[in-house]
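Content type CSV, C-alpha atoms, from the file model_27.csv:
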chain,number,residue,atom,x,y,z
O,638,MET,CA,0.0,0.0,0.0
O,639,THR,CA,1.3,3.4,-0.9
O,640,PRO,CA,1.7,5.6,2.2
O,641,PRO,CA,-0.4,8.8,2.3
O,642,GLN,CA,1.3,11.9,0.9
O,643,PRO,CA,2.0,14.7,3.4
O,644,ARG,CA,-0.3,17.7,3.1
O,645,TRP,CA,2.6,20.1,2.9
O,646,LYS,CA,6.2,20.2,1.9
O,647,GLN,CA,7.0,23.5,3.6
O,648,ARG,CA,5.3,25.2,6.5
O,649,PRO,CA,4.9,29.0,7.2
O,650,PRO,CA,7.9,30.5,8.9
O,651,GLY,CA,7.4,30.5,12.7
O,652,SER,CA,4.5,28.1,12.5
O,653,THR,CA,3.8,25.1,14.7
O,654,TRP,CA,2.6,22.9,11.8
O,655,GLY,CA,3.6,19.3,12.5
O,656,ASP,CA,4.9,20.0,16.1
O,657,PHE,CA,1.9,18.3,17.6
O,658,GLY,CA,1.6,15.6,15.0
O,659,ALA,CA,1.0,15.5,11.2
O,660,ASP,CA,-2.8,15.2,11.7
O,661,ASP,CA,-3.1,17.5,14.7
O,662,GLN,CA,-6.3,19.6,14.8
O,663,LEU,CA,-6.0,21.2,18.3
O,664,GLY,CA,-3.0,23.4,17.9
O,665,ARG,CA,-1.8,24.9,21.1
O,666,LEU,CA,-4.7,23.5,23.1
O,667,ASN,CA,-2.4,20.6,23.3
O,668,LEU,CA,-0.5,22.6,25.9
O,669,ILE,CA,-3.5,22.4,28.3
O,670,THR,CA,-2.3,19.3,30.0
O,671,PRO,CA,-3.7,17.7,33.2
O,672,ASP,CA,-1.1,19.7,35.2
O,673,LYS,CA,-2.4,22.9,33.6
O,674,VAL,CA,-6.0,22.0,34.6
O,675,LYS,CA,-4.8,21.4,38.1
O,676,GLN,CA,-3.1,24.8,38.1
O,677,GLY,CA,-6.4,26.3,37.1
O,678,ILE,CA,-8.3,24.5,39.9
O,679,ALA,CA,-5.6,25.7,42.3
O,680,GLU,CA,-6.7,29.3,41.5
O,681,VAL,CA,-10.2,28.7,43.0
O,682,ARG,CA,-10.1,30.4,46.4
O,683,ASP,CA,-13.6,31.9,47.1
O,684,GLY,CA,-15.7,29.7,44.9
O,685,ARG,CA,-17.3,32.5,42.9
O,686,SER,CA,-18.3,31.8,39.3
O,687,PHE,CA,-18.7,34.5,36.6
O,688,CYS,CA,-20.7,34.1,33.4
O,689,LEU,CA,-18.4,35.5,30.7
O,690,SER,CA,-20.9,35.5,27.9
O,691,LEU,CA,-23.0,38.4,26.6
O,692,PRO,CA,-26.7,37.5,26.0
O,693,LEU,CA,-26.5,35.9,22.6
O,694,ASP,CA,-28.8,38.5,21.0
O,695,TYR,CA,-26.2,41.2,21.7
O,696,PRO,CA,-24.7,43.4,20.2
O,697,GLY,CA,-28.0,43.9,18.4
O,698,GLY,CA,-28.7,44.5,14.7
O,699,ASN,CA,-25.8,43.9,12.2
O,700,VAL,CA,-23.9,47.1,12.5
O,701,LEU,CA,-20.9,45.3,14.0
O,702,HIS,CA,-20.7,42.8,11.1
O,703,PRO,CA,-23.1,43.1,8.2
O,704,SER,CA,-23.2,39.4,7.4
O,705,ARG,CA,-24.0,38.3,10.9
O,706,HIS,CA,-27.5,38.6,12.4
O,707,PRO,CA,-29.1,38.1,15.8
O,708,PRO,CA,-30.6,34.7,16.7
O,709,VAL,CA,-34.0,33.7,15.5
O,710,ILE,CA,-36.1,31.6,17.8
O,711,ARG,CA,-39.2,29.8,16.5
O,712,PRO,CA,-41.5,27.0,17.7
O,713,THR,CA,-41.2,23.5,16.3
O,714,LEU,CA,-44.2,21.7,14.8
O,715,ARG,CA,-46.1,18.8,16.3
O,716,GLN,CA,-48.2,16.9,13.9
O,717,GLY,CA,-48.7,20.0,11.8
O,718,ARG,CA,-49.5,22.2,14.8
O,719,VAL,CA,-47.5,24.9,16.6
O,720,ASN,CA,-45.6,23.1,19.3
O,721,PHE,CA,-45.6,26.0,21.8
O,722,ASN,CA,-47.9,26.2,24.8
O,723,PHE,CA,-49.3,23.1,23.1
O,724,ARG,CA,-52.0,21.1,25.0
O,725,LEU,CA,-51.6,17.4,24.5
O,726,SER,CA,-55.3,17.2,25.2
O,727,GLU,CA,-55.7,18.4,21.6
O,728,LEU,CA,-54.3,15.0,20.6
O,729,VAL,CA,-55.4,12.8,23.5
O,730,ALA,CA,-58.3,14.1,25.5
O,731,GLU,CA,-57.2,13.0,29.0
O,732,ARG,CA,-53.7,14.4,28.8
O,733,THR,CA,-52.8,17.3,31.0
O,734,ASP,CA,-49.4,18.2,29.6
O,735,VAL,CA,-48.7,21.7,28.2
O,736,ILE,CA,-45.5,21.6,26.1
O,737,SER,CA,-43.3,24.2,24.5
O,738,ASP,CA,-40.5,23.3,22.1
O,739,ASP,CA,-38.4,25.6,19.9
O,740,LEU,CA,-35.5,25.9,17.4
O,741,ALA,CA,-32.9,28.5,16.8
O,742,ILE,CA,-31.2,29.9,13.7
O,743,LEU,CA,-27.8,31.0,15.0
O,744,HIS,CA,-25.0,32.9,13.2
O,745,LEU,CA,-22.3,31.2,15.1
O,746,GLN,CA,-20.0,34.3,15.4
O,747,TYR,CA,-22.7,36.9,16.2
O,748,SER,CA,-22.0,37.3,19.9
O,749,THR,CA,-19.7,35.6,22.5
O,750,GLN,CA,-17.7,33.0,20.5
O,751,TRP,CA,-14.7,30.9,19.8
O,752,ASP,CA,-13.0,31.1,16.4
O,753,GLY,CA,-12.1,27.6,15.3
O,754,LEU,CA,-8.9,26.9,13.3
O,755,ALA,CA,-10.9,26.6,10.1
O,756,HIS,CA,-12.2,30.2,10.5
O,757,VAL,CA,-9.1,31.9,8.9
O,758,GLY,CA,-6.5,30.3,6.6
O,759,SER,CA,-4.2,31.9,4.1
O,760,LEU,CA,-2.9,31.7,0.6
O,761,PHE,CA,0.4,29.9,1.1
O,762,ASP,CA,2.7,27.8,-1.0
O,763,ALA,CA,2.5,24.6,1.1
O,764,ASN,CA,3.4,22.4,-1.9
O,765,GLY,CA,6.7,24.3,-2.4
O,766,ASP,CA,6.0,24.7,-6.2
O,767,GLY,CA,5.8,28.4,-6.2
O,768,VAL,CA,2.0,28.5,-6.4
O,769,PRO,CA,0.1,29.5,-3.2
O,770,GLU,CA,-2.9,27.3,-2.2
O,771,ALA,CA,-5.8,28.1,0.1
O,772,VAL,CA,-4.8,26.3,3.3
O,773,TYR,CA,-5.5,26.3,7.0
O,774,TYR,CA,-3.6,25.3,10.1
O,775,ASN,CA,-1.4,22.2,9.7
O,776,GLY,CA,-1.9,22.3,5.9
O,777,PHE,CA,-5.5,21.3,5.7
O,778,ARG,CA,-6.9,22.4,2.4
O,779,ALA,CA,-9.9,24.5,1.3
O,780,GLN,CA,-12.4,22.4,-0.7
O,781,ARG,CA,-10.7,19.2,0.4
O,782,GLU,CA,-11.0,19.1,4.2
O,783,VAL,CA,-12.8,22.4,4.6
O,784,GLN,CA,-15.6,22.3,2.1
O,785,GLY,CA,-18.2,24.8,1.1
O,786,PRO,CA,-20.6,25.6,-1.7
O,787,SER,CA,-19.9,27.9,-4.7
O,788,ASP,CA,-23.5,28.9,-5.4
O,789,PRO,CA,-24.7,31.8,-3.2
O,790,ALA,CA,-28.1,30.1,-3.2
O,791,ASP,CA,-26.6,27.5,-0.9
O,792,ALA,CA,-25.3,30.1,1.6
O,793,GLY,CA,-27.0,32.4,4.1
O,794,ALA,CA,-30.1,31.8,6.2
O,795,SER,CA,-32.8,32.9,3.7
O,796,GLY,CA,-34.6,29.8,2.4
O,797,ALA,CA,-32.0,27.6,4.2
O,798,GLY,CA,-34.5,24.8,4.9
O,799,THR,CA,-32.9,21.8,6.6
O,800,ARG,CA,-29.8,21.1,4.4
O,801,SER,CA,-26.3,21.8,5.5
O,802,THR,CA,-24.0,23.0,2.7
O,803,SER,CA,-20.6,23.5,4.4
O,804,HIS,CA,-18.5,21.3,6.6
O,805,ALA,CA,-15.0,21.3,8.0
O,806,ASP,CA,-14.0,17.7,7.8
O,807,ALA,CA,-10.8,18.7,9.6
O,808,LEU,CA,-10.4,21.5,12.1
O,809,GLY,CA,-14.1,21.6,13.0
O,810,ILE,CA,-15.1,23.3,16.3
O,811,GLN,CA,-16.1,19.9,17.7
O,812,ASN,CA,-12.4,19.1,18.3
O,813,MET,CA,-12.3,22.0,20.7
O,814,ALA,CA,-15.4,20.9,22.5
O,815,GLU,CA,-14.0,17.4,22.9
O,816,LYS,CA,-10.8,18.8,24.4
O,817,ALA,CA,-13.2,20.5,26.9
O,818,VAL,CA,-11.2,23.7,27.2
O,819,GLN,CA,-10.7,24.0,30.9
O,820,GLY,CA,-7.5,25.3,32.6
O,821,ARG,CA,-5.7,28.3,34.0
O,822,ALA,CA,-6.6,31.7,32.5
O,823,VAL,CA,-4.7,35.0,33.0
O,824,LEU,CA,-6.6,38.3,32.7
O,825,ILE,CA,-4.8,41.3,31.4
O,826,ASP,CA,-6.8,44.4,32.3
O,827,LEU,CA,-6.3,46.9,29.5
O,828,HIS,CA,-9.4,48.8,30.4
O,829,ALA,CA,-8.0,49.7,33.9
O,830,HIS,CA,-5.1,51.5,32.2
O,831,PHE,CA,-6.6,52.9,29.0
O,832,GLY,CA,-10.3,53.3,29.8
O,833,ASP,CA,-13.1,53.3,27.2
O,834,ALA,CA,-11.1,55.1,24.5
O,835,ARG,CA,-10.0,53.3,21.4
O,836,THR,CA,-6.3,52.4,22.0
O,837,VAL,CA,-4.2,50.3,19.7
O,838,VAL,CA,-2.0,48.2,22.0
O,839,ASP,CA,1.4,47.2,20.7
O,840,HIS,CA,4.0,45.0,22.4
O,841,ASP,CA,5.4,47.8,24.5
O,842,LEU,CA,2.0,48.9,25.9
O,843,LEU,CA,1.0,45.3,26.6
O,844,THR,CA,4.2,44.6,28.6
O,845,GLU,CA,3.9,47.9,30.5
O,846,VAL,CA,0.4,46.9,31.6
O,847,MET,CA,1.5,43.4,32.6
O,848,ARG,CA,4.5,44.8,34.5
O,849,ALA,CA,2.4,47.4,36.3
O,850,ASP,CA,-0.2,44.7,37.4
O,851,GLY,CA,2.3,42.0,38.1
O,852,VAL,CA,0.8,39.7,35.4
O,853,GLN,CA,2.7,36.7,34.3
O,854,VAL,CA,1.8,34.4,31.4
O,855,GLU,CA,3.2,30.8,31.1
O,856,PRO,CA,2.9,28.1,28.5
O,857,GLY,CA,-0.5,26.5,28.4
O,858,ASP,CA,-2.3,29.6,29.9
O,859,ILE,CA,-5.4,31.1,28.3
O,860,VAL,CA,-5.0,34.9,28.0
O,861,CYS,CA,-8.1,37.0,28.5
O,862,LEU,CA,-8.0,40.7,27.5
O,863,HIS,CA,-10.4,43.0,29.3
O,864,THR,CA,-11.0,46.2,27.2
O,865,GLY,CA,-14.5,47.2,28.4
O,866,PHE,CA,-15.9,46.9,24.9
O,867,ALA,CA,-18.6,44.2,25.7
O,868,GLN,CA,-19.7,46.2,28.7
O,869,ALA,CA,-20.1,49.3,26.5
O,870,VAL,CA,-22.1,47.2,24.0
O,871,LEU,CA,-24.5,46.1,26.8
O,872,GLY,CA,-25.1,49.7,27.6
O,873,MET,CA,-26.1,50.4,24.0
O,874,GLY,CA,-29.3,48.4,24.4
O,875,LYS,CA,-29.1,46.5,21.1
O,876,GLN,CA,-28.8,49.9,19.3
O,877,PRO,CA,-25.1,50.2,18.5
O,878,THR,CA,-23.7,52.7,16.0
O,879,HIS,CA,-20.6,52.5,13.8
O,880,GLU,CA,-19.2,55.6,15.5
O,881,ALA,CA,-19.6,54.2,19.1
O,882,LEU,CA,-18.2,50.8,18.2
O,883,GLU,CA,-15.2,52.2,16.3
O,884,GLN,CA,-14.2,54.5,19.2
O,885,THR,CA,-14.6,52.1,22.1
O,886,GLY,CA,-12.0,50.0,23.8
O,887,SER,CA,-8.5,48.7,23.3
O,888,VAL,CA,-7.5,46.4,20.4
O,889,LEU,CA,-4.2,44.7,19.8
O,890,ASP,CA,-1.9,45.9,17.0
O,891,GLY,CA,-1.8,42.9,14.7
O,892,ARG,CA,0.9,44.5,12.6
O,893,ASP,CA,3.4,44.7,15.5
O,894,GLU,CA,5.8,41.8,14.8
O,895,ARG,CA,7.1,42.0,18.4
O,896,LEU,CA,3.6,41.5,19.7
O,897,LEU,CA,3.1,38.5,17.4
O,898,GLN,CA,6.4,37.1,18.6
O,899,TRP,CA,5.3,37.5,22.2
O,900,ILE,CA,2.3,35.3,21.4
O,901,THR,CA,4.7,32.7,19.9
O,902,ASP,CA,7.2,32.9,22.8
O,903,THR,CA,4.8,32.8,25.7
O,904,GLY,CA,3.2,29.5,24.6
O,905,VAL,CA,-0.3,30.8,25.3
O,906,ALA,CA,-2.9,28.1,24.6
O,907,ALA,CA,-5.6,30.5,23.4
O,908,ILE,CA,-6.5,34.2,23.5
O,909,ALA,CA,-9.9,35.7,24.3
O,910,ALA,CA,-11.0,39.3,24.4
O,911,ASP,CA,-14.2,41.2,25.2
O,912,ASN,CA,-13.9,43.2,21.9
O,913,TYR,CA,-14.9,42.5,18.4
O,914,ALA,CA,-11.8,40.9,16.9
O,915,VAL,CA,-9.1,40.9,19.5
O,916,GLU,CA,-7.0,42.9,17.1
O,917,ALA,CA,-7.6,46.2,15.3
O,918,TYR,CA,-9.7,45.8,12.2
O,919,PRO,CA,-8.8,46.9,9.6
O,920,ALA,CA,-5.2,46.6,10.6
O,921,ARG,CA,-2.7,49.3,9.9
O,922,SER,CA,-2.0,49.7,6.2
O,923,ARG,CA,1.1,48.1,4.9
O,924,VAL,CA,2.9,48.2,1.5
O,925,GLY,CA,2.6,44.9,-0.4
O,926,CYS,CA,0.3,41.9,-0.1
O,927,CYS,CA,-0.5,40.8,3.4
O,928,ALA,CA,-3.3,39.6,5.7
O,929,ALA,CA,-6.2,42.0,6.6
O,930,LEU,CA,-6.2,40.3,9.9
O,931,PRO,CA,-2.6,39.6,10.7
O,932,LEU,CA,-3.1,38.5,14.3
O,933,HIS,CA,-5.8,36.0,13.1
O,934,GLU,CA,-3.4,34.7,10.5
O,935,HIS,CA,-0.6,34.4,13.0
O,936,CYS,CA,-2.7,32.7,15.7
O,937,LEU,CA,-5.3,30.5,13.8
O,938,PHE,CA,-3.3,29.7,10.7
O,939,LYS,CA,0.3,29.5,11.9
O,940,LEU,CA,0.3,28.6,15.6
O,941,GLY,CA,-3.1,26.9,16.1
O,942,VAL,CA,-4.1,29.4,18.8
O,943,HIS,CA,-7.9,29.7,19.1
O,944,LEU,CA,-9.3,33.2,19.5
O,945,GLY,CA,-12.3,34.2,21.6
O,946,GLU,CA,-14.3,37.4,20.8
O,947,LEU,CA,-17.0,39.5,22.5
O,948,TRP,CA,-16.6,37.8,25.9
O,949,TRP,CA,-18.1,39.7,28.8
O,950,LEU,CA,-15.2,40.1,31.2
O,951,THR,CA,-15.9,43.3,33.2
O,952,PRO,CA,-17.5,41.8,36.4
O,953,LEU,CA,-14.7,39.2,36.6
O,954,ALA,CA,-12.0,41.8,35.9
O,955,ASN,CA,-13.4,44.1,38.6
O,956,HIS,CA,-13.4,41.2,41.1
O,957,LEU,CA,-9.9,40.1,40.3
O,958,ARG,CA,-8.5,43.7,40.5
O,959,ALA,CA,-10.2,44.2,43.9
O,960,GLN,CA,-8.4,41.1,45.1
O,961,GLY,CA,-5.0,41.9,43.5
O,962,ARG,CA,-5.3,38.8,41.3
O,963,SER,CA,-5.1,38.1,37.6
O,964,ARG,CA,-5.4,34.3,37.4
O,965,PHE,CA,-8.6,32.1,37.6
O,966,LEU,CA,-10.1,28.8,36.5
O,967,LEU,CA,-11.6,29.0,33.0
O,968,THR,CA,-14.1,26.5,31.7
O,969,ALA,CA,-15.1,27.3,28.1
O,970,PRO,CA,-15.9,24.5,25.7
O,971,PRO,CA,-17.8,25.5,22.5
O,972,LEU,CA,-20.8,23.7,21.1
O,973,ARG,CA,-20.0,20.2,20.0
O,974,LEU,CA,-21.2,21.0,16.5
O,975,PRO,CA,-19.4,18.8,14.0
O,976,GLY,CA,-18.1,20.6,10.9
O,977,ALA,CA,-18.7,24.2,12.2
O,978,VAL,CA,-15.8,26.7,12.0
O,979,ALA,CA,-16.8,28.7,15.1
O,980,SER,CA,-19.3,28.5,17.9
O,981,PRO,CA,-21.1,30.5,20.6
O,982,VAL,CA,-19.7,29.8,24.0
O,983,THR,CA,-20.8,30.5,27.6
O,984,PRO,CA,-17.5,30.7,29.4
O,985,VAL,CA,-17.3,30.4,33.2
O,986,GLY,CA,-14.6,32.1,35.2
O,987,THR,CA,-14.2,30.7,38.7
O,988,THR,CA,-12.1,32.5,41.3

Structure translated into structure tokens:
Amino acid sequence: MTPPQPRWKQRPPGSTWGDFGADDQLGRLNLITPDKVKQGIAEVRDGRSFCLSLPLDYPGGNVLHPSRHPPVIRPTLRQGRVNFNFRLSELVAERTDVISDDLAILHLQYSTQWDGLAHVGSLFDANGDGVPEAVYYNGFRAQREVQGPSDPADAGASGAGTRSTSHADALGIQNMAEKAVQGRAVLIDLHAHFGDARTVVDHDLLTEVMRADGVQVEPGDIVCLHTGFAQAVLGMGKQPTHEALEQTGSVLDGRDERLLQWITDTGVAAIAADNYAVEAYPARSRVGCCAALPLHEHCLFKLGVHLGELWWLTPLANHLRAQGRSRFLLTAPPLRLPGAVASPVTPVGTT
């Protein structure tokens, strides 16, 4: 039998492709070992748990991202009838049950979410033949392992019916769910230093904040960035404006090579923020061809570092700051939805 051919002959500079195995689909979640989980548990001192998710119908509307829309909730059908406040006596006279059953249409990255490793790939010459291919982390290929339709009629929610039309056979979000995503997290409180104003945070600013607050990040930790953005979104009452969103909260400078190297060197397992994209979007302009989302490319495509967005971190951040702490136990598995490239999540921070 002919052995299977490797998916790539060359990997992106500075990437982790192959480091966790030729077929790895977890990336640096592999660094969350049983010892890291125990380190997270050791941070639980007062037994307080914080919900780190926005209500999933926030931010409201589609100003933040025009192709993502709020959840739609509808009743199911029972024998052709509306299965909501449904009296079973309509079917069997002596029954006393009253039943409500519903379904949801979810844009998986509308609100608090995890980005999976199939969310952002890159055009890269993985074959070493001078021709770039559309590839994802560890060399998995677009339209081979990560498949989607070409006809717009097979995309979007309108007239979607019951047929799925895209599927990540590799790098689906279910891998993250099966890992369970529980371990030690470290909160970096950018909001405490920069307030509500839009601040683009480079490597120097980040390290200054960490030094001032005595924050240390070790391999296998999950970094959570508190900017106050999600708290501001809650205050907008589902009526956000472009102007308010663009002027609120800190964002990382994805064009700062030293910042990207810091992510590489620290060995962080994942990064979550309470803002829209973790990094500034659009990123600072740069001469020549490059990624519009350079931090996403560096994390998801090169390193296998999952990204969380629009988490609600303010109550936890305030509690930790009052106690002079930055570490906590984080439990944050996504939905176990096979083939999806992202997922809503209800993270829990326990202190």

Item checked: region 732-749 of chain O surroundings by only C-alpha atoms, 10 Å radius, close-in-sequence under 5 positions cut, as a ChimeraX atom specification -> /O:689-699,701-702,704-715,719-727,793-794,797,867,909-913,945-949,972,977-984

Store the residues picked out above in a file with C-alpha atoms, as a JSON list (two decimals), keeping the file's coordinate frame.
[["chain", "number", "residue", "atom", "x", "y", "z"],
["O", 689, "LEU", "CA", -18.40, 35.50, 30.70],
["O", 690, "SER", "CA", -20.90, 35.50, 27.90],
["O", 691, "LEU", "CA", -23.00, 38.40, 26.60],
["O", 692, "PRO", "CA", -26.70, 37.50, 26.00],
["O", 693, "LEU", "CA", -26.50, 35.90, 22.60],
["O", 694, "ASP", "CA", -28.80, 38.50, 21.00],
["O", 695, "TYR", "CA", -26.20, 41.20, 21.70],
["O", 696, "PRO", "CA", -24.70, 43.40, 20.20],
["O", 697, "GLY", "CA", -28.00, 43.90, 18.40],
["O", 698, "GLY", "CA", -28.70, 44.50, 14.70],
["O", 699, "ASN", "CA", -25.80, 43.90, 12.20],
["O", 701, "LEU", "CA", -20.90, 45.30, 14.00],
["O", 702, "HIS", "CA", -20.70, 42.80, 11.10],
["O", 704, "SER", "CA", -23.20, 39.40, 7.40],
["O", 705, "ARG", "CA", -24.00, 38.30, 10.90],
["O", 706, "HIS", "CA", -27.50, 38.60, 12.40],
["O", 707, "PRO", "CA", -29.10, 38.10, 15.80],
["O", 708, "PRO", "CA", -30.60, 34.70, 16.70],
["O", 709, "VAL", "CA", -34.00, 33.70, 15.50],
["O", 710, "ILE", "CA", -36.10, 31.60, 17.80],
["O", 711, "ARG", "CA", -39.20, 29.80, 16.50],
["O", 712, "PRO", "CA", -41.50, 27.00, 17.70],
["O", 713, "THR", "CA", -41.20, 23.50, 16.30],
["O", 714, "LEU", "CA", -44.20, 21.70, 14.80],
["O", 715, "ARG", "CA", -46.10, 18.80, 16.30],
["O", 719, "VAL", "CA", -47.50, 24.90, 16.60],
["O", 720, "ASN", "CA", -45.60, 23.10, 19.30],
["O", 721, "PHE", "CA", -45.60, 26.00, 21.80],
["O", 722, "ASN", "CA", -47.90, 26.20, 24.80],
["O", 723, "PHE", "CA", -49.30, 23.10, 23.10],
["O", 724, "ARG", "CA", -52.00, 21.10, 25.00],
["O", 725, "LEU", "CA", -51.60, 17.40, 24.50],
["O", 726, "SER", "CA", -55.30, 17.20, 25.20],
["O", 727, "GLU", "CA", -55.70, 18.40, 21.60],
["O", 793, "GLY", "CA", -27.00, 32.40, 4.10],
["O", 794, "ALA", "CA", -30.10, 31.80, 6.20],
["O", 797, "ALA", "CA", -32.00, 27.60, 4.20],
["O", 867, "ALA", "CA", -18.60, 44.20, 25.70],
["O", 909, "ALA", "CA", -9.90, 35.70, 24.30],
["O", 910, "ALA", "CA", -11.00, 39.30, 24.40],
["O", 911, "ASP", "CA", -14.20, 41.20, 25.20],
["O", 912, "ASN", "CA", -13.90, 43.20, 21.90],
["O", 913, "TYR", "CA", -14.90, 42.50, 18.40],
["O", 945, "GLY", "CA", -12.30, 34.20, 21.60],
["O", 946, "GLU", "CA", -14.30, 37.40, 20.80],
["O", 947, "LEU", "CA", -17.00, 39.50, 22.50],
["O", 948, "TRP", "CA", -16.60, 37.80, 25.90],
["O", 949, "TRP", "CA", -18.10, 39.70, 28.80],
["O", 972, "LEU", "CA", -20.80, 23.70, 21.10],
["O", 977, "ALA", "CA", -18.70, 24.20, 12.20],
["O", 978, "VAL", "CA", -15.80, 26.70, 12.00],
["O", 979, "ALA", "CA", -16.80, 28.70, 15.10],
["O", 980, "SER", "CA", -19.30, 28.50, 17.90],
["O", 981, "PRO", "CA", -21.10, 30.50, 20.60],
["O", 982, "VAL", "CA", -19.70, 29.80, 24.00],
["O", 983, "THR", "CA", -20.80, 30.50, 27.60],
["O", 984, "PRO", "CA", -17.50, 30.70, 29.40]]

Next item on the list: List the neighbours of Trp654 (chain O) out to 9 Å using all atoms listed in the file; skip same-chain residues closer than 6 positions along the sequence, and give me the result as number ranges by chain.
Entry: O: 648, 661, 664, 774-776, 939-941

Next item on the list: Quick one: pull the distance between CA of Leu937 (chain O) and CA of Leu754 (chain O), Å, one decimal.
Entry: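 Value for the CA of Leu937 (chain O)-CA of Leu754 (chain O) distance: 5.1 Å.
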
Margin query: If we count only C-alpha atoms and set the cut-off at 12 Å, which residues sit around region 832-834 of chain O, ignoring sequence neighbours fewer than 6 positions away in its own chain? Please answer as a PyMOL selection string.
Written below: chain O and resi 826+863-870+881-888+912+951

Next item on the list: Please provide the set of residues having any atom within 9 Å of Gln819 (chain O), restricted to all atoms listed in the file, with same-chain residues fewer than 4 positions apart removed, written as a list in words.
Entry: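 Selected residues are Ile669, Lys673, Val674, Gly677, Leu966, Leu967, Thr968, Ala969 and Pro970 of chain O.
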
Would you output that residue set with C-alpha atoms, as a PDB file, in the coordinates of the input?
ATOM      1  CA  ILE O 669      -3.500  22.400  28.300  1.00  0.00           C
ATOM      2  CA  LYS O 673      -2.400  22.900  33.600  1.00  0.00           C
ATOM      3  CA  VAL O 674      -6.000  22.000  34.600  1.00  0.00           C
ATOM      4  CA  GLY O 677      -6.400  26.300  37.100  1.00  0.00           C
ATOM      5  CA  LEU O 966     -10.100  28.800  36.500  1.00  0.00           C
ATOM      6  CA  LEU O 967     -11.600  29.000  33.000  1.00  0.00           C
ATOM      7  CA  THR O 968     -14.100  26.500  31.700  1.00  0.00           C
ATOM      8  CA  ALA O 969     -15.100  27.300  28.100  1.00  0.00           C
ATOM      9  CA  PRO O 970     -15.900  24.500  25.700  1.00  0.00           C
TER      10      PRO O 970
END

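Atom pair CA of Gln960 (chain O) / CA of Leu824 (chain O) has a distance of 12.8 Å (rounded to one decimal).
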
Margin query: Please compute the CA of Leu889 (chain O)-CA of Gln647 (chain O) distance, one decimal, in Å.
Written below: 28.9 Å

Note to self: With only C-alpha atoms as the counted atoms, please give the residues lying no more than 9 Å from Arg958 (chain O), apart from itself and same-chain residues fewer than 5 positions off, as a PyMOL selection string.
What the structure shows: chain O and resi 826+829+850+953+963

Check: With only C-alpha atoms as the atoms that count, which of O:Glu894, O:Glu916, O:Glu845, O:Glu680 lies nearest to Leu862 (chain O)?
Finding: O:Glu916

Checklist line | Residue nearest His804 (chain O) among O:Gln780, O:Asp893, O:Asp788, O:Gly820 (counting all atoms listed in the file) | finding: O:Gln780

Item checked: Pick from O:Gln898, O:Ser922, O:Ser686, O:Thr878 nearest to His840 (chain O), counting all atoms listed in the file ->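 When distances to His840 (chain O) are compared using all atoms listed in the file, the smallest one comes from O:Gln898.
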
Next item on the list: Would you list the residues near (5.7, 19.7, -1.6), meaning any protein, DNA or RNA residue with an atom at most 10 Å from that point in file coordinates, counting all atoms listed in the file, as a list in words?
Entry: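 I get Gln642, Pro643, Arg644, Trp645, Lys646, Gln647, Arg648, Asp762, Ala763, Asn764, Gly765, Asp766 and Gly767 of chain O for the residues within 10 Å of that point.
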
Check: With all atoms listed in the file as the basis for distance, which of O:Arg962, O:Arg848, O:His943, O:Arg835 is at the shortest distance from Ala917 (chain O)?
Finding: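 Answer, going by the shortest atom-to-atom distance: O:Arg835.
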
Note to self: So, with all atoms listed in the file as the atoms that count, which of O:Ala790, O:Ala817, O:Ile859, O:Val985 lies closest to Pro971 (chain O)?
What the structure shows: O:Ala817

Note to self: Using all atoms listed in the file and a cutoff of 8 Å, can you tell me which residues are near (1.6, 26.5, 30.3) in the file's coordinates, and write them out as a list in words?
What the structure shows: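 The distance filter leaves exactly Leu668, Ile669, Lys673, Val854, Glu855, Pro856, Gly857, Asp858, Gly904, Val905 and Ala906 of chain O.
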
Check: Between O:Asn812, O:Asn955, O:Ala920, O:Arg892, which has the minimum distance to Leu974 (chain O) (counting only C-alpha atoms)?
Finding: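 Closest to Leu974 (chain O), using only C-alpha atoms: O:Asn812.
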